[in-house]
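Below is final07.cif, holding mmCIF, C-alpha atoms.
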```cif
data_upload
loop_
_atom_site.label_atom_id
_atom_site.label_comp_id
_atom_site.auth_asym_id
_atom_site.auth_seq_id
_atom_site.Cartn_x
_atom_site.Cartn_y
_atom_site.Cartn_z
CA MET A 1015 57.42 -57.62 -48.89
CA ALA A 1016 54.00 -58.32 -50.37
CA GLY A 1017 53.26 -61.96 -50.98
CA ALA A 1018 56.23 -63.30 -49.00
CA LYS A 1019 55.80 -66.87 -47.79
CA GLU A 1020 54.96 -67.40 -44.11
CA TYR A 1021 57.59 -70.12 -43.91
CA LYS A 1022 60.88 -70.37 -45.75
CA ILE A 1023 63.41 -73.15 -46.26
CA PHE A 1024 66.71 -71.94 -44.83
CA GLU A 1025 70.07 -73.41 -45.82
CA VAL A 1026 72.10 -73.74 -42.63
CA ALA A 1027 75.34 -75.34 -41.48
CA LEU A 1028 76.40 -76.47 -38.03
CA ALA A 1029 78.61 -73.77 -36.54
CA ARG A 1030 79.26 -75.40 -33.16
CA LYS A 1031 77.69 -77.74 -30.64
CA GLN A 1032 77.79 -78.13 -26.88
CA ARG A 1033 76.74 -81.02 -24.64
CA LEU A 1034 74.48 -79.38 -22.05
CA SER A 1035 73.88 -82.61 -20.11
CA PRO A 1036 73.97 -86.35 -20.79
CA SER A 1037 70.64 -86.15 -22.64
CA MET A 1038 70.69 -82.63 -24.14
CA MET A 1039 72.88 -81.08 -26.83
CA ARG A 1040 72.89 -77.50 -28.11
CA CYS A 1041 73.52 -77.06 -31.83
CA VAL A 1042 74.12 -73.60 -33.25
CA PHE A 1043 73.49 -73.24 -36.97
CA SER A 1044 74.57 -70.42 -39.24
CA GLY A 1045 73.62 -69.28 -42.72
CA GLU A 1046 73.36 -66.11 -44.76
CA SER A 1047 69.59 -66.43 -45.09
CA VAL A 1048 69.09 -66.70 -41.31
CA SER A 1049 68.91 -62.90 -41.31
CA GLN A 1050 65.47 -63.38 -42.92
CA MET A 1051 64.20 -65.66 -40.12
CA THR A 1052 61.87 -64.61 -37.31
CA THR A 1053 60.21 -66.16 -34.28
CA GLY A 1054 56.86 -65.45 -32.67
CA ALA A 1055 57.26 -66.93 -29.19
CA PRO A 1056 59.71 -68.89 -27.00
CA ASP A 1057 58.00 -72.16 -27.99
CA GLN A 1058 58.25 -71.44 -31.73
CA ARG A 1059 58.23 -74.70 -33.69
CA ILE A 1060 60.40 -75.29 -36.74
CA LYS A 1061 61.20 -78.26 -38.96
CA LEU A 1062 64.65 -79.72 -39.49
CA LEU A 1063 65.13 -81.74 -42.67
CA PHE A 1064 67.65 -84.52 -42.11
CA PRO A 1065 69.27 -86.69 -44.80
CA ALA A 1066 67.08 -89.40 -46.32
CA ILE A 1067 67.30 -93.10 -45.51
CA ASP A 1068 69.78 -93.57 -48.36
CA GLY A 1069 71.93 -90.70 -47.05
CA THR A 1070 70.80 -88.12 -49.62
CA PRO A 1071 70.94 -84.64 -48.04
CA SER A 1072 67.79 -82.55 -48.18
CA GLN A 1073 67.71 -80.33 -51.27
CA LEU A 1074 64.08 -79.25 -51.36
CA PRO A 1075 63.24 -76.08 -53.28
CA ASP A 1076 62.26 -73.03 -51.21
CA VAL A 1077 58.60 -73.04 -52.17
CA ALA A 1078 55.38 -72.63 -50.18
CA ASN A 1079 54.33 -76.26 -50.80
CA TRP A 1080 57.68 -77.72 -49.75
CA TYR A 1081 55.98 -80.63 -47.97
CA ALA A 1082 54.28 -81.75 -51.18
CA GLU A 1083 57.70 -81.66 -52.84
CA LEU A 1084 59.03 -83.86 -50.03
CA LEU A 1085 56.22 -86.42 -50.37
CA ALA A 1086 56.72 -86.57 -54.14
CA LEU A 1087 60.21 -88.01 -53.70
CA PRO A 1088 60.84 -91.78 -53.55
CA LYS A 1089 60.69 -92.84 -49.89
CA ARG A 1090 64.36 -93.77 -49.63
CA GLN A 1091 65.34 -90.36 -51.04
CA ARG A 1092 62.86 -88.39 -48.95
CA PRO A 1093 64.32 -86.00 -46.32
CA ILE A 1094 63.38 -86.94 -42.77
CA ALA A 1095 61.44 -84.04 -41.22
CA ARG A 1096 61.40 -83.55 -37.47
CA THR A 1097 59.86 -80.77 -35.39
CA TYR A 1098 62.00 -78.80 -32.93
CA THR A 1099 61.81 -75.69 -30.79
CA LEU A 1100 63.67 -72.66 -32.07
CA ARG A 1101 65.66 -72.10 -28.89
CA ARG A 1102 67.37 -68.81 -29.76
CA LEU A 1103 67.63 -66.64 -32.86
CA ASN A 1104 70.29 -64.02 -33.56
CA ALA A 1105 69.21 -62.89 -37.00
CA ALA A 1106 71.78 -60.09 -37.11
CA ALA A 1107 74.59 -62.59 -36.58
CA GLY A 1108 72.97 -65.16 -38.87
CA GLU A 1109 72.75 -67.80 -36.13
CA VAL A 1110 69.92 -69.97 -34.83
CA GLU A 1111 70.07 -72.38 -31.88
CA VAL A 1112 68.31 -75.72 -31.44
CA GLU A 1113 68.56 -78.12 -28.49
CA PHE A 1114 68.44 -81.86 -29.22
CA VAL A 1115 67.40 -84.69 -26.93
CA ILE A 1116 70.17 -87.29 -27.20
CA HIS A 1117 69.05 -90.91 -26.98
CA GLY A 1118 71.63 -92.90 -28.92
CA THR A 1119 72.12 -93.30 -32.66
CA GLU A 1120 68.90 -95.08 -33.59
CA GLY A 1121 66.77 -92.01 -34.34
CA PRO A 1122 67.79 -89.81 -37.28
CA ALA A 1123 67.85 -86.55 -35.31
CA SER A 1124 69.77 -87.79 -32.26
CA SER A 1125 72.15 -89.70 -34.53
CA TRP A 1126 72.79 -86.62 -36.66
CA ALA A 1127 73.42 -84.39 -33.64
CA MET A 1128 75.89 -86.84 -32.11
CA ARG A 1129 77.87 -87.36 -35.30
CA ALA A 1130 77.67 -83.91 -36.89
CA GLU A 1131 80.77 -81.77 -37.30
CA PRO A 1132 81.00 -78.02 -37.93
CA GLY A 1133 80.15 -77.34 -41.55
CA ASP A 1134 77.64 -80.18 -41.88
CA ARG A 1135 74.54 -78.83 -43.60
CA LEU A 1136 70.80 -79.13 -43.10
CA GLN A 1137 67.66 -77.47 -44.36
CA MET A 1138 65.43 -75.75 -41.80
CA VAL A 1139 61.80 -74.67 -42.25
CA ALA A 1140 61.10 -71.59 -40.13
CA PRO A 1141 59.00 -68.39 -40.15
CA CYS A 1142 60.02 -65.75 -42.67
CA ALA A 1143 60.40 -62.21 -41.33
CA ALA A 1144 59.26 -60.69 -44.63
CA SER A 1145 55.82 -62.29 -44.41
CA GLN A 1146 52.97 -60.01 -43.43
CA SER A 1147 50.83 -63.00 -42.44
CA HIS A 1148 50.55 -64.61 -39.01
CA GLN A 1149 53.06 -67.45 -39.10
CA GLY A 1150 51.85 -69.25 -35.97
CA GLY A 1151 53.65 -72.38 -34.85
CA TYR A 1152 53.53 -71.60 -31.13
CA GLU A 1153 51.07 -71.93 -28.24
CA TRP A 1154 52.55 -69.77 -25.47
CA LEU A 1155 49.91 -67.04 -25.48
CA PRO A 1156 49.64 -65.42 -22.04
CA THR A 1157 48.13 -61.96 -21.67
CA GLU A 1158 49.15 -58.87 -19.76
CA GLN A 1159 46.67 -59.96 -17.09
CA THR A 1160 48.40 -63.32 -16.50
CA ARG A 1161 49.58 -63.50 -12.88
CA ARG A 1162 50.00 -67.26 -12.48
CA ALA A 1163 51.38 -69.76 -14.97
CA LEU A 1164 51.66 -73.54 -14.97
CA LEU A 1165 54.31 -75.26 -17.11
CA ILE A 1166 54.39 -79.06 -17.47
CA ALA A 1167 56.96 -80.65 -19.78
CA ASP A 1168 59.16 -83.62 -20.51
CA GLU A 1169 62.61 -83.40 -22.10
CA THR A 1170 61.24 -82.73 -25.60
CA ALA A 1171 59.59 -79.53 -24.35
CA PHE A 1172 62.35 -78.52 -21.92
CA PRO A 1173 63.97 -76.08 -24.41
CA ALA A 1174 60.64 -74.28 -24.81
CA VAL A 1175 60.19 -74.06 -21.03
CA LYS A 1176 63.59 -72.43 -20.67
CA GLY A 1177 62.70 -69.93 -23.38
CA ILE A 1178 59.39 -69.16 -21.66
CA LEU A 1179 61.14 -68.51 -18.34
CA GLU A 1180 63.67 -66.26 -20.05
CA GLN A 1181 60.88 -64.26 -21.67
CA LEU A 1182 59.03 -63.88 -18.37
CA ALA A 1183 62.21 -62.81 -16.60
CA GLY A 1184 62.33 -59.80 -18.91
CA GLN A 1185 59.06 -58.48 -17.52
CA ALA A 1186 59.04 -55.86 -14.78
CA SER A 1187 56.68 -58.02 -12.73
CA PRO A 1188 56.65 -61.60 -14.04
CA PRO A 1189 53.81 -63.93 -13.05
CA GLN A 1190 54.38 -66.62 -10.46
CA VAL A 1191 55.19 -69.91 -12.18
CA GLN A 1192 54.88 -73.50 -11.05
CA ALA A 1193 56.82 -75.83 -13.37
CA PHE A 1194 57.01 -79.62 -13.51
CA ILE A 1195 59.86 -80.93 -15.68
CA GLU A 1196 60.49 -84.64 -16.26
CA LEU A 1197 63.94 -85.57 -17.59
CA PRO A 1198 65.78 -88.86 -18.10
CA LEU A 1199 68.57 -88.27 -15.54
CA ARG A 1200 69.31 -86.18 -12.47
CA ALA A 1201 72.35 -84.89 -14.37
CA ASP A 1202 70.01 -83.44 -17.00
CA CYS A 1203 68.56 -80.95 -14.51
CA GLN A 1204 69.98 -77.49 -15.21
CA ASP A 1205 70.46 -74.53 -12.89
CA LEU A 1206 67.40 -72.32 -13.29
CA SER A 1207 67.55 -70.89 -9.77
CA HIS A 1208 67.95 -67.35 -11.14
CA PHE A 1209 64.29 -67.47 -12.15
CA SER A 1210 63.18 -66.52 -8.64
CA PHE A 1211 59.52 -66.25 -9.69
CA ALA A 1212 59.42 -69.95 -10.64
CA ASP A 1213 58.86 -72.95 -8.37
CA ILE A 1214 60.43 -75.77 -10.38
CA HIS A 1215 59.85 -79.46 -9.66
CA TRP A 1216 62.63 -81.57 -11.21
CA LEU A 1217 61.51 -85.12 -11.99
CA PRO A 1218 64.36 -87.37 -13.24
CA ARG A 1219 63.08 -90.80 -14.22
CA GLU A 1220 66.29 -92.64 -13.28
CA GLU A 1221 65.72 -92.14 -9.55
CA CYS A 1222 62.80 -94.55 -9.41
CA GLY A 1223 63.04 -96.38 -12.73
CA ALA A 1224 59.71 -94.91 -13.75
CA LYS A 1225 58.22 -95.22 -17.21
CA HIS A 1226 57.90 -92.10 -19.30
CA GLY A 1227 55.34 -89.67 -17.87
CA VAL A 1228 54.70 -91.44 -14.56
CA ARG A 1229 56.71 -88.94 -12.52
CA LEU A 1230 54.98 -86.01 -14.20
CA LEU A 1231 51.53 -87.36 -13.45
CA ASP A 1232 52.37 -88.26 -9.85
CA ALA A 1233 54.05 -84.93 -9.11
CA VAL A 1234 51.23 -82.85 -10.56
CA ARG A 1235 48.70 -84.79 -8.50
CA ASP A 1236 50.78 -84.43 -5.33
CA ALA A 1237 52.16 -80.90 -5.58
CA LEU A 1238 49.97 -78.80 -7.86
CA ILE A 1239 49.00 -75.52 -6.24
CA LEU A 1240 45.93 -74.00 -7.82
CA PRO A 1241 46.27 -70.27 -8.36
CA GLN A 1242 44.88 -67.83 -5.82
CA VAL A 1243 43.42 -65.82 -8.68
CA PRO A 1244 40.00 -66.20 -10.26
CA ILE A 1245 39.76 -69.05 -12.78
CA MET A 1246 37.01 -68.27 -15.24
CA PRO A 1247 34.33 -70.97 -15.48
CA SER A 1248 34.86 -73.18 -18.50
CA VAL A 1249 32.47 -72.77 -21.39
CA VAL A 1250 34.19 -75.53 -23.39
CA SER A 1251 33.05 -79.09 -22.71
CA LEU A 1252 35.80 -81.64 -22.14
CA THR A 1253 35.62 -84.33 -24.78
CA GLU A 1254 37.83 -87.39 -24.73
CA VAL A 1255 40.46 -87.70 -27.45
CA PRO A 1256 40.72 -91.22 -28.94
CA ASP A 1257 43.88 -93.16 -28.11
CA ASP A 1258 44.97 -93.20 -31.74
CA GLU A 1259 44.72 -89.42 -32.13
CA LEU A 1260 47.28 -86.84 -31.09
CA LEU A 1261 46.04 -84.21 -28.67
CA TRP A 1262 46.69 -80.60 -29.65
CA GLU A 1263 44.55 -77.87 -28.08
CA ARG A 1264 45.29 -74.17 -27.93
CA ALA A 1265 44.25 -71.95 -25.07
CA GLU A 1266 41.13 -70.11 -26.17
CA SER A 1267 40.64 -67.44 -23.53
CA GLN A 1268 42.16 -63.99 -24.07
CA HIS A 1269 41.28 -62.98 -20.53
CA GLY A 1270 41.93 -64.24 -17.04
CA GLN A 1271 44.92 -64.26 -14.73
CA PHE A 1272 45.98 -67.90 -15.19
CA PHE A 1273 47.67 -69.61 -18.14
CA GLY A 1274 48.69 -73.26 -18.40
CA TRP A 1275 51.07 -74.84 -20.93
CA VAL A 1276 51.47 -78.64 -21.13
CA ALA A 1277 53.73 -80.45 -23.62
CA ALA A 1278 54.89 -84.07 -23.43
CA GLU A 1279 54.15 -87.53 -24.84
CA SER A 1280 50.61 -87.86 -26.21
CA SER A 1281 49.12 -90.28 -23.67
CA VAL A 1282 50.68 -88.31 -20.80
CA VAL A 1283 49.19 -85.05 -22.06
CA LYS A 1284 45.75 -86.69 -22.31
CA ALA A 1285 46.00 -87.94 -18.72
CA LEU A 1286 47.10 -84.51 -17.49
CA ARG A 1287 44.20 -82.91 -19.34
CA ARG A 1288 41.72 -85.28 -17.68
CA TYR A 1289 43.16 -84.47 -14.27
CA LEU A 1290 43.64 -80.70 -14.59
CA VAL A 1291 40.38 -79.93 -16.35
CA GLY A 1292 38.17 -82.88 -15.48
CA GLU A 1293 39.14 -83.35 -11.82
CA ARG A 1294 40.63 -80.05 -10.67
CA GLY A 1295 38.26 -77.83 -12.63
CA ILE A 1296 40.77 -75.60 -14.39
CA ALA A 1297 39.08 -73.94 -17.37
CA ARG A 1298 40.01 -75.69 -20.62
CA GLU A 1299 40.19 -72.28 -22.33
CA SER A 1300 43.10 -71.23 -20.12
CA MET A 1301 45.24 -74.28 -20.97
CA ALA A 1302 47.31 -75.34 -23.97
CA PHE A 1303 47.73 -79.13 -24.29
CA MET A 1304 50.27 -80.39 -26.83
CA ALA A 1305 51.41 -83.89 -27.75
CA TYR A 1306 55.02 -83.21 -28.72
CA TRP A 1307 55.49 -86.88 -29.57
CA CYS A 1308 53.76 -90.25 -29.40
CA GLN A 1309 55.07 -93.60 -28.22
CA GLY A 1310 54.72 -96.31 -30.83
CA PRO A 1311 55.01 -96.17 -34.63
CA ARG A 1312 56.31 -92.85 -35.93
CA ARG A 1313 53.68 -90.48 -37.38
CA GLU A 1314 54.94 -88.50 -40.34
CA GLY A 1315 54.17 -84.82 -40.65
#
```

Entire entry expressed as structure tokens:
Amino acid sequence: MAGAKEYKIFEVALARKQRLSPSMMRCVFSGESVSQMTTGAPDQRIKLLFPAIDGTPSQLPDVANWYAELLALPKRQRPIARTYTLRRLNAAAGEVEVEFVIHGTEGPASSWAMRAEPGDRLQMVAPCAASQSHQGGYEWLPTEQTRRALLIADETAFPAVKGILEQLAGQASPPQVQAFIELPLRADCQDLSHFSFADIHWLPREECGAKHGVRLLDAVRDALILPQVPIMPSVVSLTEVPDDELLWERAESQHGQFFGWVAAESSVVKALRRYLVGERGIARESMAFMAYWCQGPRREG
């Protein structure tokens, strides 16, 4: 369809939900228009539009500049937009799956997921299958030459990690993966033992009362195994990212046998970047570094 928007606002309703662990909940949404949705990678990002502060449900028009429409509304009537990973899509069945991190009823997303009942409606901004443009919204970009992969994530990126492992499992000869996953509780760790190509380090914070990100940083320093494949020399200089800026860097190399994917809280990602690239010498071009969230005041967008 010529001229189709890259992203579309989809009208969806909660079909069912399942508590995967104390801190994770699966929500399956359905809608007639979901048949027009697509996804580009297992870490595909989408937006969920939750009811406004005053309780008004999101009713934005399905237009290309939907975000401008959102900002034009009075603040108390403005839908609350949050970014999530599209966990699974069954376009033929008209269903799309999202996994929520549950942390009480203070945040709008966690609160909605805990209280929602089947039939409750949301708007979802996701890639449109009819678009002939590159929708983007993902950073998992390994090549056919990739033989080793490094995945580092906290709970906000855990759904994407599971999707990545599922995609790799479909390959005849998947690359060897080392994964570091920090979660709130031991009970949040899920059985991924069927991914025999992956060495997974589970890092529940409750076991040592650690602050967010500490276990990730310590485990990577202690247990990281550098790949026994050539790592191309970096041609990109490592510049520091200011504390008040979010770090978001795509991998830039389309060659090489190693690919790294890091997604967590902003300051943690910056520290991991300094260690992996600055101290261990991994080429910046072969790594994707993504601040999935930032401690402190909420940034809109």

Open item on the list: From the options A:Glu1169, A:Glu1111, A:Glu1025, A:Glu1279, which residue's atoms come nearest to Gln1204 (chain A), counting only C-alpha atoms?
Closed with: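 Of all the options, A:Glu1169 lies closest to Gln1204 (chain A).
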
Would you tabulate, counting all atoms listed in the file, all residues of region 1042-1064 of chain A that have an atom at most 10 Å from an atom of region 1171-1192 of chain A, showing the closest pair of atoms and their distance in Å to one decimal, sorted by chain then ascending number, as a tab-separated table?
```
residue	atom	partner	partner_atom	distance
A:Ala1055	CA	A:Ile1178	CA	8.1
A:Pro1056	CA	A:Gly1177	CA	4.8
A:Asp1057	CA	A:Ala1174	CA	4.6
A:Gln1058	CA	A:Ala1174	CA	7.9
A:Arg1059	CA	A:Ala1174	CA	9.2
```

Return the padded bounding box of region 1077-1095 of chain A as JSON: axis-aligned, built from all atoms listed in the file, 5 Å added on each side, with centre and edge lengths in Å to one decimal.
```
{"center_x": 59.8, "center_y": -83.2, "center_z": -47.7, "size_x": 21.1, "size_y": 31.1, "size_z": 22.9}
```

- [ ] Find the residue from A:Val1276, A:Leu1230, A:Leu1164, A:Ile1023 that sits nearest to Ile1195 (chain A); use only C-alpha atoms when measuring.
- [x]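 Counting only C-alpha atoms, the residue closest to Ile1195 (chain A) is A:Leu1230.
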
Open item on the list: Would you pick out the contacts of Phe1273 (chain A) at 8 Å or less, using all atoms listed in the file, so that residues sharing its chain but fewer than 5 positions from it are not included, and give the list as a PyMOL selection string?
Closed with: chain A and resi 1156+1160+1162-1164+1300-1301

Just to be explicit: take each residue in the selection above, keep C-alpha atoms, and write the result as a compact mmCIF listing (two decimals), in the coordinates of the input.
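Below is the file that was written, again_32.txt:
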```
# COMPACT_ATOMS: atom_id res chain seq x y z
CA PRO A 1156 49.64 -65.42 -22.04
CA THR A 1160 48.40 -63.32 -16.50
CA ARG A 1162 50.00 -67.26 -12.48
CA ALA A 1163 51.38 -69.76 -14.97
CA LEU A 1164 51.66 -73.54 -14.97
CA SER A 1300 43.10 -71.23 -20.12
CA MET A 1301 45.24 -74.28 -20.97
```

Task: Pairwise distance for CA of Ala1018 (chain A) and CA of Pro1088 (chain A), rounded to one decimal in Å - done: 29.2 Å

- [ ] Find the residue from A:Val1077, A:Ala1123, A:Ala1237, A:Ala1212 that sits nearest to Cys1041 (chain A); use only C-alpha atoms when measuring.
- [x]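 Of A:Val1077, A:Ala1123, A:Ala1237, A:Ala1212, the one nearest Cys1041 (chain A) is A:Ala1123, counting only C-alpha atoms.
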
Using the chain letters and residue numbers of this document, give as a PDB file with C-alpha atoms, in the frame of the given file the residues selected by the PyMOL selection byres ((chain A and resi 1219) around 10).
```pdb
ATOM      1  CA  GLU A1196      60.490 -84.640 -16.260  1.00  0.00           C
ATOM      2  CA  LEU A1197      63.940 -85.570 -17.590  1.00  0.00           C
ATOM      3  CA  PRO A1198      65.780 -88.860 -18.100  1.00  0.00           C
ATOM      4  CA  LEU A1199      68.570 -88.270 -15.540  1.00  0.00           C
ATOM      5  CA  ARG A1200      69.310 -86.180 -12.470  1.00  0.00           C
ATOM      6  CA  TRP A1216      62.630 -81.570 -11.210  1.00  0.00           C
ATOM      7  CA  LEU A1217      61.510 -85.120 -11.990  1.00  0.00           C
ATOM      8  CA  PRO A1218      64.360 -87.370 -13.240  1.00  0.00           C
ATOM      9  CA  GLU A1220      66.290 -92.640 -13.280  1.00  0.00           C
ATOM     10  CA  GLU A1221      65.720 -92.140  -9.550  1.00  0.00           C
ATOM     11  CA  CYS A1222      62.800 -94.550  -9.410  1.00  0.00           C
ATOM     12  CA  GLY A1223      63.040 -96.380 -12.730  1.00  0.00           C
ATOM     13  CA  ALA A1224      59.710 -94.910 -13.750  1.00  0.00           C
ATOM     14  CA  LYS A1225      58.220 -95.220 -17.210  1.00  0.00           C
ATOM     15  CA  HIS A1226      57.900 -92.100 -19.300  1.00  0.00           C
ATOM     16  CA  GLY A1227      55.340 -89.670 -17.870  1.00  0.00           C
ATOM     17  CA  VAL A1228      54.700 -91.440 -14.560  1.00  0.00           C
ATOM     18  CA  ARG A1229      56.710 -88.940 -12.520  1.00  0.00           C
ATOM     19  CA  LEU A1230      54.980 -86.010 -14.200  1.00  0.00           C
TER      20      LEU A1230
END
```

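Of the residues under consideration (A:Gly1054, A:Gly1118, A:Pro1241, A:Pro1132), A:Gly1118 shows the shortest atom-to-atom contact distance to Ser1037 (chain A) when counting all atoms listed in the file.
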